[in-house]
file structure32.pdb (PDB, C-alpha atoms)
ATOM      1  CA  MET O   1    -117.498 132.829 161.477  1.00  0.00           C
ATOM      2  CA  ARG O   2    -118.703 131.268 158.219  1.00  0.00           C
ATOM      3  CA  ARG O   3    -120.364 133.313 155.514  1.00  0.00           C
ATOM      4  CA  GLU O   4    -123.763 131.687 156.067  1.00  0.00           C
ATOM      5  CA  THR O   5    -123.823 132.946 159.648  1.00  0.00           C
ATOM      6  CA  GLN O   6    -122.625 136.396 158.634  1.00  0.00           C
ATOM      7  CA  ASN O   7    -125.410 136.714 156.086  1.00  0.00           C
ATOM      8  CA  ILE O   8    -128.110 135.682 158.550  1.00  0.00           C
ATOM      9  CA  LEU O   9    -126.756 138.128 161.092  1.00  0.00           C
ATOM     10  CA  LEU O  10    -126.983 140.906 158.491  1.00  0.00           C
ATOM     11  CA  LEU O  11    -130.634 140.047 157.868  1.00  0.00           C
ATOM     12  CA  LEU O  12    -131.436 139.995 161.581  1.00  0.00           C
ATOM     13  CA  LEU O  13    -129.607 143.228 162.312  1.00  0.00           C
ATOM     14  CA  GLY O  14    -131.309 145.015 159.424  1.00  0.00           C
ATOM     15  CA  GLY O  15    -134.656 143.591 160.497  1.00  0.00           C
ATOM     16  CA  ALA O  16    -134.123 144.825 164.054  1.00  0.00           C
ATOM     17  CA  LEU O  17    -133.365 148.354 162.784  1.00  0.00           C
ATOM     18  CA  LEU O  18    -136.477 148.346 160.606  1.00  0.00           C
ATOM     19  CA  LYS O  19    -138.615 147.020 163.465  1.00  0.00           C
ATOM     20  CA  ILE O  20    -137.679 149.722 165.981  1.00  0.00           C
ATOM     21  CA  ALA O  21    -137.914 152.441 163.311  1.00  0.00           C
ATOM     22  CA  ILE O  22    -141.401 151.382 162.198  1.00  0.00           C
ATOM     23  CA  THR O  23    -142.863 150.658 165.653  1.00  0.00           C
ATOM     24  CA  GLY O  24    -141.431 153.840 167.201  1.00  0.00           C
ATOM     25  CA  ASP O  25    -139.234 152.015 169.713  1.00  0.00           C
ATOM     26  CA  TYR O  26    -136.285 153.954 168.295  1.00  0.00           C
ATOM     27  CA  LEU O  27    -137.519 156.973 170.292  1.00  0.00           C
ATOM     28  CA  ARG O  28    -136.109 155.276 173.380  1.00  0.00           C
ATOM     29  CA  TYR O  29    -132.623 155.790 171.974  1.00  0.00           C
ATOM     30  CA  VAL O  30    -132.491 158.686 169.482  1.00  0.00           C
ATOM     31  CA  LYS O  31    -134.359 161.810 168.363  1.00  0.00           C
ATOM     32  CA  PRO O  32    -137.368 161.588 166.013  1.00  0.00           C
ATOM     33  CA  ALA O  33    -135.328 163.164 163.203  1.00  0.00           C
ATOM     34  CA  HIS O  34    -133.191 160.007 163.041  1.00  0.00           C
ATOM     35  CA  GLN O  35    -136.015 157.741 161.857  1.00  0.00           C
ATOM     36  CA  PRO O  36    -135.249 158.109 158.105  1.00  0.00           C
ATOM     37  CA  TRP O  37    -131.621 157.205 158.733  1.00  0.00           C
ATOM     38  CA  LEU O  38    -132.610 154.095 160.688  1.00  0.00           C
ATOM     39  CA  LEU O  39    -135.039 153.034 157.973  1.00  0.00           C
ATOM     40  CA  GLY O  40    -132.367 153.538 155.325  1.00  0.00           C
ATOM     41  CA  ALA O  41    -129.694 151.693 157.300  1.00  0.00           C
ATOM     42  CA  GLY O  42    -132.047 148.798 158.033  1.00  0.00           C
ATOM     43  CA  ALA O  43    -133.135 148.488 154.400  1.00  0.00           C
ATOM     44  CA  VAL O  44    -129.550 148.568 153.115  1.00  0.00           C
ATOM     45  CA  THR O  45    -128.415 145.985 155.685  1.00  0.00           C
ATOM     46  CA  VAL O  46    -131.283 143.623 154.813  1.00  0.00           C
ATOM     47  CA  ALA O  47    -130.557 144.053 151.104  1.00  0.00           C
ATOM     48  CA  LEU O  48    -126.859 143.285 151.606  1.00  0.00           C
ATOM     49  CA  GLY O  49    -127.702 140.141 153.555  1.00  0.00           C
ATOM     50  CA  ALA O  50    -130.235 138.981 150.957  1.00  0.00           C
ATOM     51  CA  VAL O  51    -127.865 139.607 148.027  1.00  0.00           C
ATOM     52  CA  ALA O  52    -125.050 137.768 149.815  1.00  0.00           C
ATOM     53  CA  ILE O  53    -127.289 134.757 150.518  1.00  0.00           C
ATOM     54  CA  VAL O  54    -128.476 134.545 146.905  1.00  0.00           C
ATOM     55  CA  ARG O  55    -124.905 134.864 145.637  1.00  0.00           C
ATOM     56  CA  ASP O  56    -123.654 132.111 147.964  1.00  0.00           C
ATOM     57  CA  VAL O  57    -126.526 129.766 147.038  1.00  0.00           C
ATOM     58  CA  LEU O  58    -125.780 130.199 143.326  1.00  0.00           C
ATOM     59  CA  ALA O  59    -122.069 129.667 143.946  1.00  0.00           C
ATOM     60  CA  ALA O  60    -122.783 126.496 145.930  1.00  0.00           C
ATOM     61  CA  ARG O  61    -124.900 125.124 143.084  1.00  0.00           C
ATOM     62  CA  ARG O  62    -122.121 125.794 140.588  1.00  0.00           C
ATOM     63  CA  ARG O  63    -119.603 124.022 142.815  1.00  0.00           C
ATOM     64  CA  ALA O  64    -121.958 121.053 143.180  1.00  0.00           C
ATOM     65  CA  VAL O  65    -122.105 120.726 139.390  1.00  0.00           C
ATOM     66  CA  GLU O  66    -118.390 121.277 138.833  1.00  0.00           C
ATOM     67  CA  GLU O  67    -117.191 119.162 141.793  1.00  0.00           C
ATOM     68  CA  PRO O  68    -119.669 116.287 142.275  1.00  0.00           C
ATOM     69  CA  GLY O  69    -119.095 114.333 145.467  1.00  0.00           C
ATOM     70  CA  HIS O  70    -117.060 117.119 147.089  1.00  0.00           C
ATOM     71  CA  GLU O  71    -117.940 117.490 150.781  1.00  0.00           C
ATOM     72  CA  HIS O  72    -118.660 120.905 152.259  1.00  0.00           C
ATOM     73  CA  HIS O  73    -118.310 121.484 155.978  1.00  0.00           C
ATOM     74  CA  HIS O  74    -121.283 122.855 157.841  1.00  0.00           C
ATOM     75  CA  PRO O  75    -120.822 125.913 160.028  1.00  0.00           C
ATOM     76  CA  ALA O  76    -119.926 125.221 163.621  1.00  0.00           C
ATOM     77  CA  ARG O  77    -122.919 125.205 165.937  1.00  0.00           C
ATOM     78  CA  SER O  78    -121.177 127.626 168.287  1.00  0.00           C
ATOM     79  CA  ALA O  79    -121.249 130.310 165.584  1.00  0.00           C
ATOM     80  CA  TRP O  80    -125.044 130.447 165.806  1.00  0.00           C
ATOM     81  CA  LEU O  81    -124.746 131.649 169.391  1.00  0.00           C
ATOM     82  CA  LEU O  82    -123.611 134.975 167.928  1.00  0.00           C
ATOM     83  CA  MET O  83    -127.216 135.542 166.843  1.00  0.00           C
ATOM     84  CA  VAL O  84    -128.455 135.633 170.452  1.00  0.00           C
ATOM     85  CA  PRO O  85    -127.737 139.352 171.093  1.00  0.00           C
ATOM     86  CA  VAL O  86    -129.216 140.304 167.712  1.00  0.00           C
ATOM     87  CA  LEU O  87    -132.368 138.310 168.460  1.00  0.00           C
ATOM     88  CA  ALA O  88    -132.576 139.990 171.868  1.00  0.00           C
ATOM     89  CA  VAL O  89    -132.628 143.429 170.223  1.00  0.00           C
ATOM     90  CA  PHE O  90    -135.091 142.205 167.614  1.00  0.00           C
ATOM     91  CA  LEU O  91    -137.544 140.651 170.067  1.00  0.00           C
ATOM     92  CA  VAL O  92    -137.068 142.613 173.317  1.00  0.00           C
ATOM     93  CA  ALA O  93    -136.416 146.370 173.111  1.00  0.00           C
ATOM     94  CA  PRO O  94    -134.759 147.754 176.270  1.00  0.00           C
ATOM     95  CA  PRO O  95    -136.791 150.434 178.059  1.00  0.00           C
ATOM     96  CA  ALA O  96    -136.111 154.149 177.865  1.00  0.00           C
ATOM     97  CA  LEU O  97    -133.948 155.828 180.496  1.00  0.00           C
ATOM     98  CA  GLY O  98    -135.720 156.686 183.729  1.00  0.00           C
ATOM     99  CA  SER O  99    -135.257 157.493 187.394  1.00  0.00           C
ATOM    100  CA  ASP O 100    -131.930 155.642 187.705  1.00  0.00           C
ATOM    101  CA  SER O 101    -130.380 158.087 185.256  1.00  0.00           C
ATOM    102  CA  VAL O 102    -131.778 160.993 187.267  1.00  0.00           C
ATOM    103  CA  THR O 103    -130.552 159.842 190.687  1.00  0.00           C
ATOM    104  CA  ARG O 104    -127.097 159.115 189.308  1.00  0.00           C
ATOM    105  CA  THR O 105    -126.865 162.765 188.238  1.00  0.00           C
ATOM    106  CA  ARG O 106    -127.258 164.849 191.375  1.00  0.00           C
ATOM    107  CA  GLY O 107    -125.033 167.717 190.294  1.00  0.00           C
ATOM    108  CA  GLY O 108    -127.985 169.884 189.286  1.00  0.00           C
ATOM    109  CA  THR O 109    -128.435 171.395 185.886  1.00  0.00           C
ATOM    110  CA  ALA O 110    -126.125 170.183 183.165  1.00  0.00           C
ATOM    111  CA  GLU O 111    -123.410 172.539 181.992  1.00  0.00           C
ATOM    112  CA  GLY O 112    -124.679 174.687 179.159  1.00  0.00           C
ATOM    113  CA  PHE O 113    -128.324 174.315 180.117  1.00  0.00           C
ATOM    114  CA  ALA O 114    -128.564 177.723 181.782  1.00  0.00           C
ATOM    115  CA  PRO O 115    -128.602 180.768 179.502  1.00  0.00           C
ATOM    116  CA  ALA O 116    -125.432 182.846 179.585  1.00  0.00           C
ATOM    117  CA  GLY O 117    -125.286 185.807 181.948  1.00  0.00           C
ATOM    118  CA  ALA O 118    -127.163 186.645 185.102  1.00  0.00           C
ATOM    119  CA  GLY O 119    -130.512 186.678 183.321  1.00  0.00           C
ATOM    120  CA  ALA O 120    -132.086 186.026 179.972  1.00  0.00           C
ATOM    121  CA  SER O 121    -135.050 187.168 177.915  1.00  0.00           C
ATOM    122  CA  PHE O 122    -137.675 184.651 176.859  1.00  0.00           C
ATOM    123  CA  PRO O 123    -140.596 184.985 174.453  1.00  0.00           C
ATOM    124  CA  PRO O 124    -143.887 185.947 176.103  1.00  0.00           C
ATOM    125  CA  LEU O 125    -146.017 183.054 177.303  1.00  0.00           C
ATOM    126  CA  PRO O 126    -149.508 182.555 175.865  1.00  0.00           C
ATOM    127  CA  ARG O 127    -152.520 183.514 177.934  1.00  0.00           C
ATOM    128  CA  GLY O 128    -154.660 181.034 179.816  1.00  0.00           C
ATOM    129  CA  ASP O 129    -154.191 178.762 182.797  1.00  0.00           C
ATOM    130  CA  PRO O 130    -153.237 176.050 183.275  1.00  0.00           C
ATOM    131  CA  LEU O 131    -150.464 176.605 180.755  1.00  0.00           C
ATOM    132  CA  PRO O 132    -148.914 173.401 179.297  1.00  0.00           C
ATOM    133  CA  MET O 133    -145.117 173.619 179.340  1.00  0.00           C
ATOM    134  CA  THR O 134    -142.184 171.325 178.837  1.00  0.00           C
ATOM    135  CA  VAL O 135    -140.200 170.688 181.987  1.00  0.00           C
ATOM    136  CA  THR O 136    -137.135 172.132 180.233  1.00  0.00           C
ATOM    137  CA  ASP O 137    -138.863 175.434 179.470  1.00  0.00           C
ATOM    138  CA  PHE O 138    -140.325 175.663 182.960  1.00  0.00           C
ATOM    139  CA  VAL O 139    -136.959 175.080 184.671  1.00  0.00           C
ATOM    140  CA  SER O 140    -135.274 177.615 182.375  1.00  0.00           C
ATOM    141  CA  ARG O 141    -137.847 180.331 182.989  1.00  0.00           C
ATOM    142  CA  ALA O 142    -138.054 179.660 186.730  1.00  0.00           C
ATOM    143  CA  GLY O 143    -134.329 180.279 187.108  1.00  0.00           C
ATOM    144  CA  TRP O 144    -133.260 182.761 184.450  1.00  0.00           C
ATOM    145  CA  ASP O 145    -136.206 184.639 182.983  1.00  0.00           C
ATOM    146  CA  GLU O 146    -135.700 188.312 183.869  1.00  0.00           C
ATOM    147  CA  ALA O 147    -139.425 188.949 183.339  1.00  0.00           C
ATOM    148  CA  ARG O 148    -140.327 186.172 185.841  1.00  0.00           C
ATOM    149  CA  SER O 149    -142.953 185.019 183.362  1.00  0.00           C
ATOM    150  CA  VAL O 150    -143.940 181.869 185.284  1.00  0.00           C
ATOM    151  CA  ASP O 151    -144.400 183.579 188.644  1.00  0.00           C
ATOM    152  CA  GLY O 152    -148.058 183.462 189.593  1.00  0.00           C
ATOM    153  CA  ARG O 153    -148.997 181.326 186.570  1.00  0.00           C
ATOM    154  CA  THR O 154    -150.647 177.930 186.880  1.00  0.00           C
ATOM    155  CA  VAL O 155    -148.637 175.574 184.699  1.00  0.00           C
ATOM    156  CA  SER O 156    -149.139 171.985 183.577  1.00  0.00           C
ATOM    157  CA  LEU O 157    -146.100 169.676 183.486  1.00  0.00           C
ATOM    158  CA  THR O 158    -145.749 166.032 182.472  1.00  0.00           C
ATOM    159  CA  GLY O 159    -142.929 163.775 183.645  1.00  0.00           C
ATOM    160  CA  PHE O 160    -142.066 160.760 185.763  1.00  0.00           C
ATOM    161  CA  VAL O 161    -141.766 160.473 189.529  1.00  0.00           C
ATOM    162  CA  VAL O 162    -138.343 160.288 191.157  1.00  0.00           C
ATOM    163  CA  HIS O 163    -137.748 159.781 194.886  1.00  0.00           C
ATOM    164  CA  ASP O 164    -134.288 161.066 195.777  1.00  0.00           C
ATOM    165  CA  GLU O 165    -132.817 161.781 199.204  1.00  0.00           C
ATOM    166  CA  GLY O 166    -136.191 162.347 200.827  1.00  0.00           C
ATOM    167  CA  GLU O 167    -137.555 164.576 198.059  1.00  0.00           C
ATOM    168  CA  THR O 168    -140.190 163.799 195.443  1.00  0.00           C
ATOM    169  CA  LEU O 169    -139.328 165.117 192.003  1.00  0.00           C
ATOM    170  CA  LEU O 170    -140.960 165.402 188.618  1.00  0.00           C
ATOM    171  CA  ALA O 171    -138.285 164.719 186.015  1.00  0.00           C
ATOM    172  CA  ARG O 172    -137.656 164.493 182.301  1.00  0.00           C
ATOM    173  CA  LEU O 173    -134.502 163.571 180.416  1.00  0.00           C
ATOM    174  CA  VAL O 174    -133.218 165.889 177.691  1.00  0.00           C
ATOM    175  CA  ILE O 175    -131.192 164.546 174.772  1.00  0.00           C
ATOM    176  CA  GLY O 176    -129.235 166.395 172.127  1.00  0.00           C
ATOM    177  CA  CYS O 177    -128.653 163.456 169.792  1.00  0.00           C
ATOM    178  CA  CYS O 178    -129.237 160.138 171.527  1.00  0.00           C
ATOM    179  CA  ALA O 179    -129.806 158.596 174.941  1.00  0.00           C
ATOM    180  CA  ALA O 180    -126.045 158.478 175.529  1.00  0.00           C
ATOM    181  CA  ASP O 181    -125.921 162.269 176.028  1.00  0.00           C
ATOM    182  CA  ALA O 182    -129.119 162.520 178.110  1.00  0.00           C
ATOM    183  CA  TYR O 183    -129.226 164.775 181.158  1.00  0.00           C
ATOM    184  CA  PRO O 184    -132.103 165.335 183.607  1.00  0.00           C
ATOM    185  CA  VAL O 185    -134.231 168.368 184.346  1.00  0.00           C
ATOM    186  CA  ARG O 186    -136.122 168.192 187.631  1.00  0.00           C
ATOM    187  CA  VAL O 187    -138.839 169.965 189.545  1.00  0.00           C
ATOM    188  CA  ARG O 188    -139.422 169.439 193.268  1.00  0.00           C
ATOM    189  CA  LEU O 189    -143.063 168.747 194.048  1.00  0.00           C
ATOM    190  CA  ASP O 190    -144.570 170.356 197.142  1.00  0.00           C
ATOM    191  CA  GLY O 191    -147.909 168.881 198.142  1.00  0.00           C
ATOM    192  CA  GLY O 192    -150.076 166.399 196.313  1.00  0.00           C
ATOM    193  CA  ASN O 193    -149.753 162.644 196.676  1.00  0.00           C
ATOM    194  CA  ALA O 194    -146.745 162.089 194.413  1.00  0.00           C
ATOM    195  CA  ALA O 195    -144.712 160.904 197.419  1.00  0.00           C
ATOM    196  CA  ALA O 196    -146.951 157.824 197.601  1.00  0.00           C
ATOM    197  CA  LEU O 197    -146.494 156.907 193.940  1.00  0.00           C
ATOM    198  CA  PRO O 198    -143.911 154.381 192.749  1.00  0.00           C
ATOM    199  CA  THR O 199    -140.746 155.616 191.088  1.00  0.00           C
ATOM    200  CA  ASP O 200    -141.028 156.058 187.301  1.00  0.00           C
ATOM    201  CA  THR O 201    -144.798 156.620 187.437  1.00  0.00           C
ATOM    202  CA  TRP O 202    -145.751 159.112 184.726  1.00  0.00           C
ATOM    203  CA  ILE O 203    -147.904 161.984 185.986  1.00  0.00           C
ATOM    204  CA  ARG O 204    -149.348 165.293 184.856  1.00  0.00           C
ATOM    205  CA  VAL O 205    -149.386 168.015 187.507  1.00  0.00           C
ATOM    206  CA  THR O 206    -150.673 171.551 187.633  1.00  0.00           C
ATOM    207  CA  GLY O 207    -149.431 174.116 190.101  1.00  0.00           C
ATOM    208  CA  LYS O 208    -147.499 177.309 190.695  1.00  0.00           C
ATOM    209  CA  VAL O 209    -143.765 177.857 190.971  1.00  0.00           C
ATOM    210  CA  VAL O 210    -142.296 178.684 194.359  1.00  0.00           C
ATOM    211  CA  PRO O 211    -140.462 181.979 193.636  1.00  0.00           C
ATOM    212  CA  GLY O 212    -136.724 182.215 194.249  1.00  0.00           C
ATOM    213  CA  VAL O 213    -136.062 178.484 194.690  1.00  0.00           C
ATOM    214  CA  ASN O 214    -134.305 177.722 191.399  1.00  0.00           C
ATOM    215  CA  THR O 215    -130.812 178.816 192.475  1.00  0.00           C
ATOM    216  CA  ALA O 216    -127.322 177.378 192.703  1.00  0.00           C
ATOM    217  CA  ASP O 217    -128.008 176.401 196.322  1.00  0.00           C
ATOM    218  CA  SER O 218    -130.879 174.145 195.214  1.00  0.00           C
ATOM    219  CA  GLY O 219    -128.892 172.722 192.306  1.00  0.00           C
ATOM    220  CA  TYR O 220    -131.105 174.736 189.941  1.00  0.00           C
ATOM    221  CA  VAL O 221    -134.107 172.583 190.795  1.00  0.00           C
ATOM    222  CA  PRO O 222    -137.262 174.743 191.068  1.00  0.00           C
ATOM    223  CA  ALA O 223    -140.193 173.854 193.315  1.00  0.00           C
ATOM    224  CA  LEU O 224    -143.823 173.586 192.277  1.00  0.00           C
ATOM    225  CA  THR O 225    -146.755 173.854 194.665  1.00  0.00           C
ATOM    226  CA  VAL O 226    -149.016 171.086 193.366  1.00  0.00           C
ATOM    227  CA  GLY O 227    -152.647 171.899 192.675  1.00  0.00           C
ATOM    228  CA  THR O 228    -153.776 168.776 190.816  1.00  0.00           C
ATOM    229  CA  LEU O 229    -152.029 165.503 189.992  1.00  0.00           C
ATOM    230  CA  GLN O 230    -153.060 162.797 187.549  1.00  0.00           C
ATOM    231  CA  GLU O 231    -151.371 159.545 186.529  1.00  0.00           C
ATOM    232  CA  VAL O 232    -150.916 159.274 182.751  1.00  0.00           C
ATOM    233  CA  PRO O 233    -149.526 156.626 180.388  1.00  0.00           C
ATOM    234  CA  ALA O 234    -145.860 156.889 179.474  1.00  0.00           C
ATOM    235  CA  PRO O 235    -145.556 158.905 176.240  1.00  0.00           C
ATOM    236  CA  LYS O 236    -144.332 157.262 173.067  1.00  0.00           C
ATOM    237  CA  ASP O 237    -141.490 159.794 173.000  1.00  0.00           C
ATOM    238  CA  PRO O 238    -140.199 160.002 176.597  1.00  0.00           C
ATOM    239  CA  TYR O 239    -137.492 162.618 176.063  1.00  0.00           C
ATOM    240  CA  GLU O 240    -137.374 166.380 175.633  1.00  0.00           C
ATOM    241  CA  TYR O 241    -135.067 168.167 173.193  1.00  0.00           C
TER     242      TYR O 241
END

call {"tool": "encode", "arguments": {"input": "structure32.pdb", "output": "structure tokens"}}
result
Amino acid sequence: MRRETQNILLLLLGGALLKIAITGDYLRYVKPAHQPWLLGAGAVTVALGAVAIVRDVLAARRRAVEEPGHEHHHPARSAWLLMVPVLAVFLVAPPALGSDSVTRTRGGTAEGFAPAGAGASFPPLPRGDPLPMTVTDFVSRAGWDEARSVDGRTVSLTGFVVHDEGETLLARLVIGCCAADAYPVRVRLDGGNAAALPTDTWIRVTGKVVPGVNTADSGYVPALTVGTLQEVPAPKDPYEY
């Protein structure tokens, strides 16, 4: 690949990093804490490409003065095809992970998700119902909280619909660093009209946990008796941490 193409690719790659960091599309791939690093990497990459272009233009002018009449070969047209994947990232951001990632992982709760030991202590929950909770916290408390703090409480959960082996689930994906290490947390929905909704529809449900369901036999997937259900827009940050 000729230097001209390399320099343009640097500009496009840096521009793509800056674009997803500024617009928030980076949340489809990494945690919010990574935004400063993406902004820095994008700025440095753009600067390197710009400096290289200026340097090459000045060098070409010097050669034109020192070697009048000397022919310079243009870069091969095929080299420009290498910009296609960079332009694809720059113009079309792939969607966040969804139901496909959930149905491909049917082994239940990821290793390390459950607290160690037969039970665990959790901080007291605030008063008031319905109680907004992350799906991760709800699944943890439903299975391993010795105080059974969610039993009898009306909770509010937000996630996307998954239809899997005849069951309707509310799911979220949890990431530790980036989408590559994502694993699902799921809640089986009993009642409501979620079964009629398309896969990957984002919903907010309120309801009460079905006691004693979040066990090894169920794959550590608790059940929620649905009280209310509302479709909601997909959040800007689709993951839990």

call {"tool": "resolve_selection", "arguments": {"input": "structure32.pdb", "expression": "the PyMOL selection byres ((chain O and resi 149) around 12)", "output": "MDAnalysis selection string"}}
result
chainID O and resid 120:127 131 137:148 150:155 208:209 211

call {"tool": "resolve_selection", "arguments": {"input": "structure32.pdb", "expression": "the PyMOL selection byres ((chain O and resi 18) around 10)", "output": "list in words"}}
result
Leu12, Leu13, Gly14, Gly15, Ala16, Leu17, Lys19, Ile20, Ala21, Ile22, Thr23, Gly24, Tyr26, Gln35, Leu38, Leu39, Gly40, Ala41, Gly42, Ala43, Thr45, Val46 and Phe90 of chain O

call {"tool": "residues_around", "arguments": {"input": "structure32.pdb", "residues": "stretch 176-184 of chain O", "least_positions_apart": "3", "cutoff": "7 Å", "atoms": "all atoms listed in the file", "output": "list of chain:residue names"}}
result
O:Tyr29, O:Val30, O:Lys31, O:Val102, O:Ala110, O:Ala171, O:Arg172, O:Leu173, O:Tyr241

call {"tool": "atom_distance", "arguments": {"input": "structure32.pdb", "atom1": "atom CA of O:Leu11", "atom2": "atom CA of O:Pro32"}}
result
24.0 Å

call {"tool": "closest_residue", "arguments": {"input": "structure32.pdb", "among": "O:Thr228, O:Ser156, O:Thr134, O:Thr199", "to": "O:Thr103", "atoms": "all atoms listed in the file"}}
result
O:Thr199

call {"tool": "atom_distance", "arguments": {"input": "structure32.pdb", "atom1": "atom CA of O:Gly191", "atom2": "atom CA of O:Glu165"}}
result
16.7 Å

call {"tool": "residues_around", "arguments": {"input": "structure32.pdb", "residues": "O:His163", "least_positions_apart": "6", "cutoff": "12 Å", "atoms": "all atoms listed in the file", "output": "list in words"}}
result
Gly98, Ser99, Asp100, Val102, Thr103, Leu169, Leu170, Ala171, Arg186, Val187, Arg188, Leu189, Ala194, Ala195, Ala196, Leu197, Pro198, Thr199, Asp200 and Thr201 of chain O

call {"tool": "residues_near_point", "arguments": {"input": "structure32.pdb", "point": "(-141.8, 158.4, 175.8)", "cutoff": "8 Å", "atoms": "all atoms listed in the file", "output": "PyMOL selection string"}}
result
chain O and resi 27-28+96+234-239

call {"tool": "closest_residue", "arguments": {"input": "structure32.pdb", "among": "O:Asp190, O:Glu4, O:Glu231, O:Asp56", "to": "O:Phe160", "atoms": "all atoms listed in the file"}}
result
O:Glu231

call {"tool": "closest_residue", "arguments": {"input": "structure32.pdb", "among": "O:Asn7, O:Ala223, O:Pro36, O:Arg104", "to": "O:Val57", "atoms": "all atoms listed in the file"}}
result
O:Asn7

call {"tool": "atom_distance", "arguments": {"input": "structure32.pdb", "atom1": "atom CA of O:Val162", "atom2": "atom CA of O:Gly128"}}
result
28.7 Å

call {"tool": "closest_residue", "arguments": {"input": "structure32.pdb", "among": "O:Ala60, O:Val232, O:Val135, O:Ile203", "to": "O:Val185", "atoms": "all atoms listed in the file"}}
result
O:Val135
